[in-house]
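Visitor: I'd like to ask some things about the structure below.
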Amino acid sequence: MNEQAASDGQVKDRPNSLHAEISRQMVRLYKDQFGRGPTKVRTDFAGPDVLLCTLEDSLTPAERSLAKMGEHQRLRDTRLYFQHATEEEFKGVVERVLGRKVRAFISGIDTAQDVSAELFYLEPQEGPDGAAQNGSSSGSQPDPPRI
């Protein structure tokens with residue numbers, strides 16, 4: 001199982017990987033932003049230039065109450081407003097850890113299931129000849145297949 005526990009900011013399974021560092025930083029940002037971090041987080045490449053962070057169980061008690069009341073749109077709007085307000089912080093984490101520029105950032109949440117996704121579109125990497133190459137920035141993983 002590759003799922004990583006995130007309680008108290010501790011990420012298990014791949015402690016020295018770039019994925020784990022990004023996961024740790026996402027937990028920190030959530031704690032700073034919402035007062036509570038997720039209990040599960042996973043970060044993976046979804047192609048050579050797309051990074052997906054999935055975060056679970058991050059709603060505060062007050063947000064859970066809103067969800068129980070059926071106020072899902074209000075909850076989504078509030079969460080996404082805060083995400084937009086701190087977009088540069090989220091992008092900055094990925095840029096610092098990977099050493100690659102984020103060209104687009106998309107954030108979403110399923111309030112009924114308490115699952116959030118942070119999606120980062122990265123500028124393509126350049127190869128030695130200056131041309132864009134389709135490789136993962138981690139260096140230790142093969143390129144994902146193109147579909």
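Following the order of the structure tokens, chains are lettered A, B, ..., residues in each are numbered from 1, and ligands are numbered from 1.
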Write out as number ranges by chain each polymer residue whose atoms come within 10 Å of A:Tyr30, counting only C-alpha atoms; drop sequence neighbours fewer than 4 positions from it.
Guide: A: 25-26, 34-38, 55, 58-59, 83, 90
Visitor: Can you pull out every residue from stretch 15-109 of chain A that DSSP, working from the backbone, puts in alpha helix (DSSP H), and format the result as a PyMOL selection string?
Guide: chain A and resi 18-34+61-68+72-85+87-98
Visitor: For A:Asp57, please output as a list of chain:residue names all residues within 12 Å (counting only C-alpha atoms; exclusion window: fewer than 3 positions along the same chain).
Guide: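 So the residues in contact are A:Ala5, A:Ala6, A:Ser7, A:Val27, A:Tyr30, A:Arg36, A:Gly37, A:Pro38, A:Thr39, A:Lys40, A:Val41, A:Thr54, A:Thr60, A:Pro61, A:Glu63, A:Arg64, A:Ile109, A:Asp110, A:Thr111, A:Ala112, A:Gln113, A:Asp114, A:Val115, A:Ser116, A:Ala117.
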Visitor: Could you give me, as number ranges by chain, the residues within 10 Å of stretch 85-87 of chain A, counting only C-alpha atoms and dropping anything in the same chain fewer than 4 positions from it?
Guide: A: 29, 33, 79-81, 91-92, 104-107
Visitor: Could those selected residues go to a file with N, CA and C atoms, as a PDB file, in the first residue's frame?
Guide:
ATOM      1  N   LEU A  29       0.779  23.233   4.816  1.00  0.00           N
ATOM      2  CA  LEU A  29      -0.041  24.328   4.292  1.00  0.00           C
ATOM      3  C   LEU A  29      -1.493  24.198   4.729  1.00  0.00           C
ATOM      4  N   GLN A  33      -3.445  26.899   6.907  1.00  0.00           N
ATOM      5  CA  GLN A  33      -4.560  27.563   6.261  1.00  0.00           C
ATOM      6  C   GLN A  33      -5.897  27.274   6.930  1.00  0.00           C
ATOM      7  N   ARG A  79     -13.651  26.905   0.800  1.00  0.00           N
ATOM      8  CA  ARG A  79     -12.353  26.234   0.675  1.00  0.00           C
ATOM      9  C   ARG A  79     -11.592  26.737  -0.553  1.00  0.00           C
ATOM     10  N   LEU A  80     -12.270  26.807  -1.689  1.00  0.00           N
ATOM     11  CA  LEU A  80     -11.602  27.223  -2.921  1.00  0.00           C
ATOM     12  C   LEU A  80     -11.187  28.687  -2.874  1.00  0.00           C
ATOM     13  N   TYR A  81     -11.937  29.504  -2.165  1.00  0.00           N
ATOM     14  CA  TYR A  81     -11.561  30.905  -1.988  1.00  0.00           C
ATOM     15  C   TYR A  81     -10.239  30.995  -1.234  1.00  0.00           C
ATOM     16  N   LYS A  91       1.958  26.668  -5.092  1.00  0.00           N
ATOM     17  CA  LYS A  91       2.851  26.544  -6.250  1.00  0.00           C
ATOM     18  C   LYS A  91       4.313  26.605  -5.815  1.00  0.00           C
ATOM     19  N   GLY A  92       4.614  27.473  -4.850  1.00  0.00           N
ATOM     20  CA  GLY A  92       5.990  27.633  -4.384  1.00  0.00           C
ATOM     21  C   GLY A  92       6.573  26.359  -3.809  1.00  0.00           C
ATOM     22  N   ALA A 104       0.271  26.055 -14.062  1.00  0.00           N
ATOM     23  CA  ALA A 104      -1.147  26.139 -13.704  1.00  0.00           C
ATOM     24  C   ALA A 104      -1.386  25.318 -12.440  1.00  0.00           C
ATOM     25  N   PHE A 105      -2.357  25.777 -11.638  1.00  0.00           N
ATOM     26  CA  PHE A 105      -2.704  25.127 -10.377  1.00  0.00           C
ATOM     27  C   PHE A 105      -4.218  25.012 -10.307  1.00  0.00           C
ATOM     28  N   ILE A 106      -4.720  23.804 -10.024  1.00  0.00           N
ATOM     29  CA  ILE A 106      -6.153  23.569  -9.905  1.00  0.00           C
ATOM     30  C   ILE A 106      -6.395  22.877  -8.574  1.00  0.00           C
ATOM     31  N   SER A 107      -7.367  23.362  -7.831  1.00  0.00           N
ATOM     32  CA  SER A 107      -7.696  22.799  -6.537  1.00  0.00           C
ATOM     33  C   SER A 107      -9.160  22.404  -6.528  1.00  0.00           C
TER      34      SER A 107
END
Visitor: Have a look at atom CA of A:Gly70 and atom CA of A:Phe82 and let me know their distance in Å, one decimal.
Guide: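 So the two atoms, atom CA of A:Gly70 and atom CA of A:Phe82, lie 20.3 Å apart.
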Visitor: Using only C-alpha atoms, which of A:His19, A:Arg28, A:His72, A:Arg42 sits nearest A:Glu89?
Guide: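 Closest to A:Glu89 of all the choices is A:Arg28.
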Visitor: Have a look at atom CA of A:Glu95 and atom CA of A:Leu119 and let me know their distance in Å, one decimal.
Guide: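 These two atoms are separated by 13.1 Å.
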Visitor: Which one is closest to A:Gln125: A:Thr78, A:Asp49, A:Val93, A:Ala67? Count only C-alpha atoms.
Guide: A:Asp49
Visitor: What does the structure give for the distance between atom CA of A:Lys68 and atom CA of A:Gly108, in Å to one decimal?
Guide: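 Taking atom CA of A:Lys68 and atom CA of A:Gly108, their separation equals 19.0 Å.
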